[in-house]
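Asks: Below is the file run12.txt, with compact mmCIF, N, CA and C atoms and all ligand atoms.
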# COMPACT_ATOMS: atom_id res chain seq x y z
N MET A 1 107.78 92.19 94.69
CA MET A 1 107.35 91.03 93.92
C MET A 1 107.18 89.81 94.82
N GLY A 2 106.23 88.98 94.49
CA GLY A 2 106.06 87.71 95.20
C GLY A 2 107.06 86.71 94.67
N THR A 3 106.73 85.44 94.82
CA THR A 3 107.62 84.40 94.31
C THR A 3 107.55 84.39 92.80
N VAL A 4 108.70 84.33 92.18
CA VAL A 4 108.74 84.27 90.72
C VAL A 4 108.77 82.81 90.30
N GLN A 5 107.78 82.44 89.48
CA GLN A 5 107.72 81.05 89.03
C GLN A 5 108.72 80.80 87.92
N ARG A 6 109.20 79.59 87.86
CA ARG A 6 110.10 79.21 86.78
C ARG A 6 109.31 78.50 85.71
N SER A 7 109.86 78.55 84.49
CA SER A 7 109.08 78.00 83.38
C SER A 7 108.81 76.51 83.54
N ASP A 8 109.75 75.75 84.14
CA ASP A 8 109.48 74.32 84.27
C ASP A 8 108.34 74.05 85.25
N GLU A 9 108.15 74.96 86.23
CA GLU A 9 107.02 74.80 87.15
C GLU A 9 105.70 75.02 86.42
N VAL A 10 105.69 76.02 85.54
CA VAL A 10 104.47 76.29 84.77
C VAL A 10 104.18 75.13 83.82
N LEU A 11 105.24 74.63 83.17
CA LEU A 11 105.07 73.51 82.23
C LEU A 11 104.56 72.27 82.97
N GLU A 12 105.08 72.06 84.17
CA GLU A 12 104.65 70.92 84.98
C GLU A 12 103.15 71.02 85.31
N ALA A 13 102.73 72.24 85.66
CA ALA A 13 101.31 72.47 85.98
C ALA A 13 100.44 72.20 84.75
N LEU A 14 100.93 72.59 83.57
CA LEU A 14 100.18 72.34 82.33
C LEU A 14 100.05 70.84 82.10
N ARG A 15 101.14 70.12 82.30
CA ARG A 15 101.10 68.65 82.13
C ARG A 15 100.12 68.04 83.11
N ALA A 16 100.11 68.55 84.35
CA ALA A 16 99.18 68.03 85.36
C ALA A 16 97.73 68.23 84.94
N HIS A 17 97.48 69.29 84.13
CA HIS A 17 96.13 69.53 83.62
C HIS A 17 95.90 68.82 82.29
N ALA A 18 96.83 67.96 81.92
CA ALA A 18 96.74 67.19 80.67
C ALA A 18 96.66 68.09 79.44
N LYS A 19 97.38 69.25 79.51
CA LYS A 19 97.40 70.17 78.37
C LYS A 19 98.63 69.89 77.51
N ARG A 20 98.44 70.06 76.22
CA ARG A 20 99.55 69.87 75.30
C ARG A 20 100.57 71.00 75.44
N ILE A 21 101.84 70.65 75.37
CA ILE A 21 102.88 71.68 75.45
C ILE A 21 103.44 71.90 74.05
N THR A 22 103.07 73.02 73.47
CA THR A 22 103.51 73.34 72.12
C THR A 22 104.67 74.33 72.18
N ALA A 23 105.35 74.47 71.06
CA ALA A 23 106.47 75.43 71.00
C ALA A 23 105.99 76.86 71.26
N PRO A 24 104.86 77.30 70.67
CA PRO A 24 104.38 78.65 70.99
C PRO A 24 104.07 78.83 72.47
N LYS A 25 103.51 77.78 73.10
CA LYS A 25 103.20 77.85 74.53
C LYS A 25 104.47 78.03 75.35
N ARG A 26 105.50 77.26 74.98
CA ARG A 26 106.79 77.42 75.65
C ARG A 26 107.31 78.84 75.53
N ALA A 27 107.16 79.41 74.34
CA ALA A 27 107.66 80.77 74.09
C ALA A 27 106.91 81.80 74.94
N VAL A 28 105.58 81.66 75.03
CA VAL A 28 104.78 82.60 75.83
C VAL A 28 105.21 82.52 77.30
N ILE A 29 105.37 81.29 77.80
CA ILE A 29 105.77 81.10 79.20
C ILE A 29 107.16 81.68 79.44
N GLU A 30 108.06 81.44 78.49
CA GLU A 30 109.42 81.97 78.58
C GLU A 30 109.39 83.50 78.70
N VAL A 31 108.57 84.14 77.88
CA VAL A 31 108.46 85.60 77.91
C VAL A 31 107.92 86.07 79.25
N LEU A 32 106.87 85.40 79.76
CA LEU A 32 106.26 85.82 81.03
C LEU A 32 107.21 85.60 82.21
N VAL A 33 107.98 84.53 82.17
CA VAL A 33 108.91 84.24 83.26
C VAL A 33 109.99 85.32 83.33
N HIS A 34 110.42 85.80 82.17
CA HIS A 34 111.52 86.77 82.15
C HIS A 34 111.05 88.23 82.11
N ALA A 35 109.73 88.44 82.12
CA ALA A 35 109.21 89.80 82.05
C ALA A 35 109.51 90.54 83.35
N HIS A 36 110.05 91.74 83.24
CA HIS A 36 110.29 92.54 84.43
C HIS A 36 109.18 93.56 84.60
N ASP A 37 108.23 93.52 83.68
CA ASP A 37 107.21 94.53 83.65
C ASP A 37 105.86 93.86 83.47
N HIS A 38 104.83 94.65 83.50
CA HIS A 38 103.50 94.15 83.23
C HIS A 38 103.27 94.27 81.74
N LEU A 39 103.00 93.16 81.07
CA LEU A 39 102.92 93.15 79.62
C LEU A 39 101.47 93.01 79.16
N THR A 40 101.10 93.79 78.15
CA THR A 40 99.81 93.59 77.51
C THR A 40 99.95 92.39 76.57
N ALA A 41 98.81 91.89 76.09
CA ALA A 41 98.85 90.75 75.17
C ALA A 41 99.66 91.12 73.91
N ASP A 42 99.55 92.36 73.46
CA ASP A 42 100.31 92.80 72.28
C ASP A 42 101.81 92.78 72.55
N GLU A 43 102.19 93.21 73.76
CA GLU A 43 103.61 93.20 74.11
C GLU A 43 104.14 91.78 74.25
N VAL A 44 103.32 90.90 74.83
CA VAL A 44 103.71 89.49 74.90
C VAL A 44 103.93 88.96 73.48
N THR A 45 102.99 89.28 72.58
CA THR A 45 103.08 88.82 71.19
C THR A 45 104.38 89.29 70.55
N LYS A 46 104.70 90.57 70.74
CA LYS A 46 105.92 91.12 70.13
C LYS A 46 107.16 90.37 70.61
N GLN A 47 107.22 90.10 71.91
CA GLN A 47 108.39 89.41 72.46
C GLN A 47 108.43 87.94 72.04
N VAL A 48 107.25 87.33 71.93
CA VAL A 48 107.19 85.94 71.47
C VAL A 48 107.68 85.87 70.02
N GLN A 49 107.24 86.84 69.22
CA GLN A 49 107.62 86.83 67.80
C GLN A 49 109.11 87.11 67.60
N ALA A 50 109.74 87.76 68.59
CA ALA A 50 111.19 87.94 68.52
C ALA A 50 111.90 86.60 68.64
N LEU A 51 111.27 85.67 69.37
CA LEU A 51 111.83 84.32 69.51
C LEU A 51 111.37 83.41 68.38
N ARG A 52 110.09 83.54 68.03
CA ARG A 52 109.47 82.67 67.02
C ARG A 52 108.56 83.50 66.11
N PRO A 53 109.11 84.00 65.03
CA PRO A 53 108.34 84.90 64.16
C PRO A 53 107.09 84.25 63.57
N ASP A 54 107.02 82.93 63.59
CA ASP A 54 105.89 82.23 62.98
C ASP A 54 104.64 82.21 63.86
N VAL A 55 104.73 82.64 65.10
CA VAL A 55 103.57 82.57 66.00
C VAL A 55 102.66 83.78 65.78
N SER A 56 101.37 83.51 65.53
CA SER A 56 100.44 84.61 65.24
C SER A 56 99.89 85.21 66.52
N PRO A 57 99.44 86.48 66.46
CA PRO A 57 98.85 87.12 67.64
C PRO A 57 97.67 86.32 68.20
N SER A 58 96.83 85.74 67.32
CA SER A 58 95.67 85.02 67.84
C SER A 58 96.09 83.78 68.62
N THR A 59 97.21 83.16 68.21
CA THR A 59 97.73 82.02 68.97
C THR A 59 98.17 82.47 70.36
N VAL A 60 98.87 83.60 70.43
CA VAL A 60 99.32 84.12 71.73
C VAL A 60 98.11 84.43 72.61
N TYR A 61 97.09 85.06 72.03
CA TYR A 61 95.89 85.39 72.80
C TYR A 61 95.23 84.12 73.36
N ARG A 62 95.16 83.08 72.50
CA ARG A 62 94.53 81.84 72.93
C ARG A 62 95.32 81.19 74.07
N ILE A 63 96.65 81.24 73.96
CA ILE A 63 97.50 80.64 75.01
C ILE A 63 97.34 81.42 76.32
N LEU A 64 97.32 82.75 76.25
CA LEU A 64 97.15 83.56 77.46
C LEU A 64 95.82 83.23 78.13
N GLU A 65 94.77 83.06 77.31
CA GLU A 65 93.46 82.73 77.85
C GLU A 65 93.47 81.37 78.55
N GLU A 66 94.13 80.41 77.90
CA GLU A 66 94.21 79.07 78.50
C GLU A 66 94.95 79.12 79.83
N LEU A 67 96.09 79.83 79.87
CA LEU A 67 96.87 79.93 81.11
C LEU A 67 96.08 80.68 82.18
N ASP A 68 95.31 81.68 81.76
CA ASP A 68 94.47 82.45 82.66
C ASP A 68 93.37 81.55 83.25
N ASP A 69 92.72 80.75 82.40
CA ASP A 69 91.67 79.83 82.86
C ASP A 69 92.21 78.83 83.87
N LEU A 70 93.47 78.45 83.73
CA LEU A 70 94.07 77.48 84.64
C LEU A 70 94.67 78.14 85.88
N ASP A 71 94.51 79.48 85.98
CA ASP A 71 95.06 80.25 87.10
C ASP A 71 96.58 80.20 87.16
N LEU A 72 97.23 79.97 86.02
CA LEU A 72 98.69 80.00 85.99
C LEU A 72 99.17 81.41 85.69
N VAL A 73 98.28 82.18 85.08
CA VAL A 73 98.57 83.57 84.72
C VAL A 73 97.39 84.40 85.23
N VAL A 74 97.68 85.62 85.68
CA VAL A 74 96.58 86.52 86.03
C VAL A 74 96.67 87.76 85.15
N HIS A 75 95.52 88.37 84.89
CA HIS A 75 95.55 89.65 84.19
C HIS A 75 94.93 90.71 85.07
N SER A 76 95.29 91.94 84.80
CA SER A 76 94.79 93.05 85.59
C SER A 76 94.50 94.24 84.68
N HIS A 77 93.43 94.94 84.97
CA HIS A 77 93.10 96.14 84.21
C HIS A 77 93.65 97.34 84.95
N THR A 78 94.54 98.07 84.31
CA THR A 78 95.27 99.11 85.01
C THR A 78 94.98 100.50 84.44
N GLY A 79 93.75 100.73 84.01
CA GLY A 79 93.43 102.04 83.48
C GLY A 79 92.66 101.88 82.18
N HIS A 80 92.85 102.82 81.25
CA HIS A 80 92.07 102.80 80.02
C HIS A 80 92.63 101.85 78.98
N GLY A 81 93.88 101.43 79.16
CA GLY A 81 94.53 100.61 78.14
C GLY A 81 94.16 99.14 78.25
N ALA A 82 94.90 98.31 77.51
CA ALA A 82 94.67 96.88 77.50
C ALA A 82 95.08 96.26 78.83
N ALA A 83 94.47 95.11 79.15
CA ALA A 83 94.83 94.39 80.36
C ALA A 83 96.29 93.96 80.31
N VAL A 84 96.92 93.83 81.48
CA VAL A 84 98.30 93.34 81.54
C VAL A 84 98.33 91.96 82.18
N TYR A 85 99.33 91.18 81.81
CA TYR A 85 99.43 89.79 82.23
C TYR A 85 100.71 89.54 83.01
N HIS A 86 100.62 88.69 84.01
CA HIS A 86 101.83 88.09 84.56
C HIS A 86 101.53 86.75 85.20
N LEU A 87 102.58 86.03 85.55
CA LEU A 87 102.41 84.70 86.13
C LEU A 87 101.70 84.81 87.47
N ALA A 88 100.87 83.83 87.76
CA ALA A 88 100.07 83.86 88.98
C ALA A 88 100.94 83.83 90.23
N GLY A 89 102.15 83.29 90.14
CA GLY A 89 103.03 83.21 91.30
C GLY A 89 103.43 84.56 91.85
N ALA A 90 103.49 85.55 90.97
CA ALA A 90 103.88 86.89 91.40
C ALA A 90 102.65 87.63 91.87
N SER A 91 102.08 87.19 93.00
CA SER A 91 100.79 87.71 93.45
C SER A 91 100.93 89.04 94.17
N HIS A 92 100.24 90.05 93.68
CA HIS A 92 100.24 91.37 94.29
C HIS A 92 99.06 92.13 93.71
N SER A 93 98.79 93.29 94.27
CA SER A 93 97.73 94.14 93.73
C SER A 93 98.37 95.33 93.01
N HIS A 94 97.56 96.11 92.34
CA HIS A 94 98.08 97.20 91.53
C HIS A 94 97.39 98.51 91.82
N VAL A 95 98.15 99.60 91.76
CA VAL A 95 97.56 100.93 91.70
C VAL A 95 98.18 101.59 90.48
N THR A 96 97.41 102.42 89.81
CA THR A 96 97.91 103.02 88.58
C THR A 96 97.75 104.54 88.65
N CYS A 97 98.78 105.25 88.16
CA CYS A 97 98.79 106.72 88.25
C CYS A 97 98.10 107.33 87.03
N GLU A 98 97.14 108.23 87.29
CA GLU A 98 96.42 108.89 86.19
C GLU A 98 97.28 109.97 85.54
N GLY A 99 98.36 110.37 86.23
CA GLY A 99 99.23 111.41 85.66
C GLY A 99 100.22 110.83 84.66
N CYS A 100 101.01 109.84 85.10
CA CYS A 100 102.08 109.32 84.25
C CYS A 100 101.78 107.91 83.75
N HIS A 101 100.61 107.37 84.10
CA HIS A 101 100.15 106.05 83.64
C HIS A 101 101.08 104.91 84.04
N THR A 102 101.84 105.13 85.12
CA THR A 102 102.68 104.05 85.64
C THR A 102 101.83 103.16 86.53
N THR A 103 102.06 101.83 86.44
CA THR A 103 101.39 100.89 87.33
C THR A 103 102.37 100.48 88.42
N PHE A 104 101.93 100.57 89.66
CA PHE A 104 102.77 100.20 90.79
C PHE A 104 102.21 98.94 91.43
N GLU A 105 103.11 98.10 91.90
CA GLU A 105 102.69 96.91 92.63
C GLU A 105 102.58 97.25 94.10
N VAL A 106 101.51 96.81 94.72
CA VAL A 106 101.36 97.00 96.16
C VAL A 106 101.01 95.65 96.77
N PRO A 107 101.44 95.41 98.02
CA PRO A 107 101.12 94.12 98.64
C PRO A 107 99.60 93.96 98.77
N SER A 108 99.08 92.77 98.46
CA SER A 108 97.64 92.54 98.51
C SER A 108 97.08 92.75 99.90
N GLU A 109 97.93 92.60 100.93
CA GLU A 109 97.47 92.74 102.32
C GLU A 109 96.96 94.15 102.60
N ILE A 110 97.38 95.12 101.77
CA ILE A 110 96.92 96.49 101.93
C ILE A 110 95.40 96.54 101.90
N TYR A 111 94.77 95.59 101.18
CA TYR A 111 93.32 95.60 101.04
C TYR A 111 92.61 94.72 102.06
N ASP A 112 93.36 94.18 103.02
CA ASP A 112 92.76 93.26 104.00
C ASP A 112 91.55 93.86 104.70
N ARG A 113 91.73 95.09 105.19
CA ARG A 113 90.66 95.70 105.98
C ARG A 113 89.44 95.99 105.12
N LEU A 114 89.69 96.53 103.91
CA LEU A 114 88.61 96.80 102.96
C LEU A 114 87.88 95.51 102.61
N ALA A 115 88.66 94.44 102.35
CA ALA A 115 88.06 93.16 101.96
C ALA A 115 87.18 92.63 103.10
N ARG A 116 87.70 92.72 104.33
CA ARG A 116 86.93 92.24 105.49
C ARG A 116 85.64 93.01 105.64
N GLU A 117 85.71 94.34 105.50
CA GLU A 117 84.52 95.16 105.69
C GLU A 117 83.49 94.97 104.59
N LEU A 118 83.95 94.83 103.35
CA LEU A 118 83.02 94.59 102.25
C LEU A 118 82.28 93.28 102.46
N LEU A 119 83.02 92.27 102.92
CA LEU A 119 82.42 90.96 103.13
C LEU A 119 81.42 91.01 104.28
N ALA A 120 81.81 91.67 105.37
CA ALA A 120 80.96 91.71 106.56
C ALA A 120 79.73 92.57 106.34
N THR A 121 79.87 93.71 105.66
CA THR A 121 78.75 94.64 105.57
C THR A 121 77.93 94.49 104.29
N GLN A 122 78.57 94.03 103.20
CA GLN A 122 77.84 93.90 101.92
C GLN A 122 77.73 92.47 101.44
N GLY A 123 78.41 91.55 102.12
CA GLY A 123 78.46 90.18 101.63
C GLY A 123 79.22 90.08 100.32
N PHE A 124 80.08 91.07 100.06
CA PHE A 124 80.77 91.16 98.78
C PHE A 124 82.21 90.69 98.94
N GLU A 125 82.62 89.76 98.06
CA GLU A 125 83.99 89.26 98.13
C GLU A 125 84.86 90.00 97.14
N LEU A 126 85.86 90.69 97.65
CA LEU A 126 86.74 91.53 96.82
C LEU A 126 87.77 90.68 96.07
N ASN A 127 87.93 90.97 94.78
CA ASN A 127 89.04 90.40 94.01
C ASN A 127 90.14 91.45 94.01
N ARG A 128 91.24 91.15 94.71
CA ARG A 128 92.25 92.18 94.95
C ARG A 128 93.11 92.54 93.75
N HIS A 129 93.21 91.65 92.78
CA HIS A 129 94.15 92.00 91.71
C HIS A 129 93.56 92.16 90.32
N HIS A 130 92.26 91.94 90.17
CA HIS A 130 91.70 92.01 88.81
C HIS A 130 91.72 93.42 88.24
N VAL A 131 91.38 94.41 89.06
CA VAL A 131 91.34 95.79 88.58
C VAL A 131 92.20 96.65 89.51
N ALA A 132 92.98 97.53 88.90
CA ALA A 132 93.84 98.40 89.69
C ALA A 132 93.06 99.62 90.19
N LEU A 133 93.39 100.10 91.38
CA LEU A 133 92.85 101.38 91.84
C LEU A 133 93.65 102.48 91.16
N SER A 134 93.01 103.63 90.91
CA SER A 134 93.73 104.70 90.24
C SER A 134 93.86 105.92 91.15
N GLY A 135 94.82 106.76 90.83
CA GLY A 135 95.08 107.95 91.63
C GLY A 135 96.29 108.68 91.10
N LEU A 136 97.03 109.34 91.97
CA LEU A 136 98.23 110.05 91.56
C LEU A 136 99.42 109.56 92.35
N CYS A 137 100.51 109.27 91.67
CA CYS A 137 101.71 108.80 92.36
C CYS A 137 102.40 109.97 93.08
N GLU A 138 103.36 109.63 93.90
CA GLU A 138 104.07 110.62 94.69
C GLU A 138 104.66 111.71 93.80
N HIS A 139 105.28 111.28 92.70
CA HIS A 139 105.93 112.22 91.79
C HIS A 139 104.90 113.17 91.16
N CYS A 140 103.80 112.62 90.67
CA CYS A 140 102.80 113.45 89.98
C CYS A 140 102.06 114.36 90.96
N ARG A 141 101.86 113.91 92.17
CA ARG A 141 101.24 114.78 93.18
C ARG A 141 102.13 115.98 93.43
N GLY A 142 103.43 115.75 93.48
CA GLY A 142 104.39 116.83 93.71
C GLY A 142 104.33 117.89 92.63
N SER A 143 104.27 117.46 91.37
CA SER A 143 104.32 118.43 90.26
C SER A 143 103.00 119.16 90.07
N HIS A 144 101.92 118.69 90.74
CA HIS A 144 100.63 119.36 90.60
C HIS A 144 100.37 120.36 91.71
N SER A 145 101.16 120.29 92.81
CA SER A 145 100.85 121.14 93.96
C SER A 145 101.67 122.43 93.94
ZN ZN B 201 102.50 109.49 88.20
ZN ZN B 202 101.40 92.94 88.70
ZN ZN B 203 89.51 91.03 83.30
Would it be possible to restate this file's structure as structure tokens?
Replies:
Amino acid sequence: MGTVQRSDEVLEALRAHAKRITAPKRAVIEVLVHAHDHLTADEVTKQVQALRPDVSPSTVYRILEELDDLDLVVHSHTGHGAAVYHLAGASHSHVTCEGCHTTFEVPSEIYDRLARELLATQGFELNRHHVALSGLCEHCRGSHS
């Protein structure tokens, strides 16, 4: 994991962008700060509602989008399911296993050479964390051989 952001840092960044800090927003940030896993928007909603049952899923979705637009939160597509969210401070890339559907964090530097070559040969700038690469994890490779 990279640096884990604290909720007051995220709230401070929101204030710097002149964004209103609402109770549902606080709850979403609280959930993301304490998440040990990659959460889909539905999972974020479930955990937010455990704190504040009055918050609707559409409110959570809107807040995630706002935080995403401000680069305070990033999302990643890790296979066929819904995108997962985490705080932008925890910067890393993802690989996802097609066997057990586990998402693993890998250091973004792993893609340095690929990123350099894509830029030099195709003029293409790689986004290292938006979409996960897929394959088979060590465990699943073992059980298939
Ligand atoms: Zn696996
Ligand atoms: Zn991640
Ligand atoms: Zn996306």
Asks: Excluding Val60 (chain A) and residues on its chain fewer than 2 positions from it, collect all residues at most 8 Å away from it, counting all atoms listed in the file, and give them as a PDB file with N, CA and C atoms, keeping the file's coordinate frame.
Replies:
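This is the output file result_32.pdb:
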ATOM      1  N   PRO A  24     104.860  77.300  70.670  1.00  0.00           N
ATOM      2  CA  PRO A  24     104.380  78.650  70.990  1.00  0.00           C
ATOM      3  C   PRO A  24     104.070  78.830  72.470  1.00  0.00           C
ATOM      4  N   LYS A  25     103.510  77.780  73.100  1.00  0.00           N
ATOM      5  CA  LYS A  25     103.200  77.850  74.530  1.00  0.00           C
ATOM      6  C   LYS A  25     104.470  78.030  75.350  1.00  0.00           C
ATOM      7  N   VAL A  28     105.580  81.660  75.030  1.00  0.00           N
ATOM      8  CA  VAL A  28     104.780  82.600  75.830  1.00  0.00           C
ATOM      9  C   VAL A  28     105.210  82.520  77.300  1.00  0.00           C
ATOM     10  N   ALA A  41      98.810  91.890  76.090  1.00  0.00           N
ATOM     11  CA  ALA A  41      98.850  90.750  75.170  1.00  0.00           C
ATOM     12  C   ALA A  41      99.660  91.120  73.910  1.00  0.00           C
ATOM     13  N   VAL A  44     103.320  90.900  74.830  1.00  0.00           N
ATOM     14  CA  VAL A  44     103.710  89.490  74.900  1.00  0.00           C
ATOM     15  C   VAL A  44     103.930  88.960  73.480  1.00  0.00           C
ATOM     16  N   THR A  45     102.990  89.280  72.580  1.00  0.00           N
ATOM     17  CA  THR A  45     103.080  88.820  71.190  1.00  0.00           C
ATOM     18  C   THR A  45     104.380  89.290  70.550  1.00  0.00           C
ATOM     19  N   VAL A  55     104.730  82.640  65.100  1.00  0.00           N
ATOM     20  CA  VAL A  55     103.570  82.570  66.000  1.00  0.00           C
ATOM     21  C   VAL A  55     102.660  83.780  65.780  1.00  0.00           C
ATOM     22  N   SER A  56     101.370  83.510  65.530  1.00  0.00           N
ATOM     23  CA  SER A  56     100.440  84.610  65.240  1.00  0.00           C
ATOM     24  C   SER A  56      99.890  85.210  66.520  1.00  0.00           C
ATOM     25  N   PRO A  57      99.440  86.480  66.460  1.00  0.00           N
ATOM     26  CA  PRO A  57      98.850  87.120  67.640  1.00  0.00           C
ATOM     27  C   PRO A  57      97.670  86.320  68.200  1.00  0.00           C
ATOM     28  N   SER A  58      96.830  85.740  67.320  1.00  0.00           N
ATOM     29  CA  SER A  58      95.670  85.020  67.840  1.00  0.00           C
ATOM     30  C   SER A  58      96.090  83.780  68.620  1.00  0.00           C
ATOM     31  N   ARG A  62      95.160  83.080  72.500  1.00  0.00           N
ATOM     32  CA  ARG A  62      94.530  81.840  72.930  1.00  0.00           C
ATOM     33  C   ARG A  62      95.320  81.190  74.070  1.00  0.00           C
ATOM     34  N   ILE A  63      96.650  81.240  73.960  1.00  0.00           N
ATOM     35  CA  ILE A  63      97.500  80.640  75.010  1.00  0.00           C
ATOM     36  C   ILE A  63      97.340  81.420  76.320  1.00  0.00           C
ATOM     37  N   LEU A  64      97.320  82.750  76.250  1.00  0.00           N
ATOM     38  CA  LEU A  64      97.150  83.560  77.460  1.00  0.00           C
ATOM     39  C   LEU A  64      95.820  83.230  78.130  1.00  0.00           C
ATOM     40  N   GLU A  65      94.770  83.060  77.310  1.00  0.00           N
ATOM     41  CA  GLU A  65      93.460  82.730  77.850  1.00  0.00           C
ATOM     42  C   GLU A  65      93.470  81.370  78.550  1.00  0.00           C
ATOM     43  N   GLU A  66      94.130  80.410  77.900  1.00  0.00           N
ATOM     44  CA  GLU A  66      94.210  79.070  78.500  1.00  0.00           C
ATOM     45  C   GLU A  66      94.950  79.120  79.830  1.00  0.00           C
TER      46      GLU A  66
END
Asks: Pick out the residues sitting within 10 Å of Asp71 (chain A), and hand them over as a list in words; count only C-alpha atoms, and ignore anything fewer than 6 positions along from it in its own chain.
Replies: Glu65, Leu87, Ala88 and Gly89 of chain A
Asks: Determine which residues of region 28-88 of chain A DSSP labels as strand (DSSP E) from the backbone of this structure, then write them out as a VMD selection string.
Replies: chain A and resid 39 to 40 73 to 76 84 to 87
Asks: From the options A:Thr96, A:Val10, A:Gly123, A:Glu117, which residue's atoms come nearest to ligand ZN 201 (chain B), counting all atoms listed in the file?
Replies: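 Using all atoms listed in the file, the shortest distance to ligand ZN 201 (chain B) belongs to A:Thr96.
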Asks: Could you produce a table of the residues of chain A lying within 6.5 Å of ligand ZN 202 (chain B), with the nearest pair of atoms per residue and their separation in Å rounded to one decimal, using all atoms listed in the file, ordered by chain and increasing residue number, as CSV?
Replies:
residue,atom,partner,partner_atom,distance
A:His38,CA,B:ZN202,ZN,6.0
A:His86,N,B:ZN202,ZN,6.4
A:Ala90,C,B:ZN202,ZN,6.3
A:His92,C,B:ZN202,ZN,5.6
A:Ser93,C,B:ZN202,ZN,5.8
A:His94,CA,B:ZN202,ZN,6.1
A:Glu105,CA,B:ZN202,ZN,5.7
Asks: So which residues are near ligand ZN 203 (chain B), meaning at most 6 Å away with all atoms listed in the file counted, given back as a PyMOL selection string?
Replies: chain A and resi 75+77+130
Asks: Taking all atoms listed in the file into account, produce a table as CSV in which each residue of chain A with an atom at most 8 Å from an atom of ligand ZN 201 (chain B) appears once, together with its shortest atom pair and the distance in Å to one decimal, ordered by chain and rising number.
Replies:
residue,atom,partner,partner_atom,distance
A:Thr96,C,B:ZN201,ZN,6.9
A:Cys97,CA,B:ZN201,ZN,4.6
A:Glu98,N,B:ZN201,ZN,5.6
A:Gly99,C,B:ZN201,ZN,4.4
A:Cys100,N,B:ZN201,ZN,3.5
A:His101,N,B:ZN201,ZN,5.0
A:Thr102,N,B:ZN201,ZN,5.4
A:Thr103,N,B:ZN201,ZN,7.9
A:Gly135,C,B:ZN201,ZN,6.9
A:Leu136,C,B:ZN201,ZN,5.2
A:Cys137,N,B:ZN201,ZN,4.0
A:Glu138,N,B:ZN201,ZN,5.8
A:His139,C,B:ZN201,ZN,5.3
A:Cys140,N,B:ZN201,ZN,4.2
A:Arg141,N,B:ZN201,ZN,6.0
Asks: With only C-alpha atoms as the atoms that count, which of A:Ala23, A:Val33, A:Leu67, A:Ala132 lies nearest to Leu51 (chain A)?
Replies: A:Ala23
Asks: Could you work out how far CA of Leu126 (chain A) lies from CA of Val84 (chain A), giving the answer in Å with one decimal?
Replies: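 If I compute the distance from CA of Val84 (chain A) to CA of Leu126 (chain A), I get 19.2 Å.
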Asks: Report the distance between atom C of Ala16 (chain A) and atom C of Leu72 (chain A) in Å, rounded to one decimal place.
Replies: 13.3 Å
Asks: Taking the chain letters and numbering used in this document, name the residues of chain A that DSSP puts in helix (DSSP H, G or I), as number ranges by chain.
Replies: A: 7-16, 23-34, 41-51, 57-69, 108-122, 138-144
Asks: Let me have the centre and edge lengths of the axis-aligned box enclosing all listed atoms of region 44-61 of chain A with 3 Å padding on every side, in Å to one decimal, as lines of an AutoDock Vina configuration file.
Replies:
center_x = 103.6
center_y = 86.6
center_z = 68.9
size_x = 22.7
size_y = 15.1
size_z = 17.9
Asks: In Å to one decimal, how far is atom C of His80 (chain A) from CA of Ser134 (chain A)?
Replies: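 Separating CA of Ser134 (chain A) from atom C of His80 (chain A) is a distance of 11.7 Å.
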Asks: For Leu11 (chain A), which residue out of A:Val48, A:Val106, A:Leu39, A:Leu70 is the nearest one, using only C-alpha atoms?
Replies: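 Closest to Leu11 (chain A), using only C-alpha atoms: A:Leu70.
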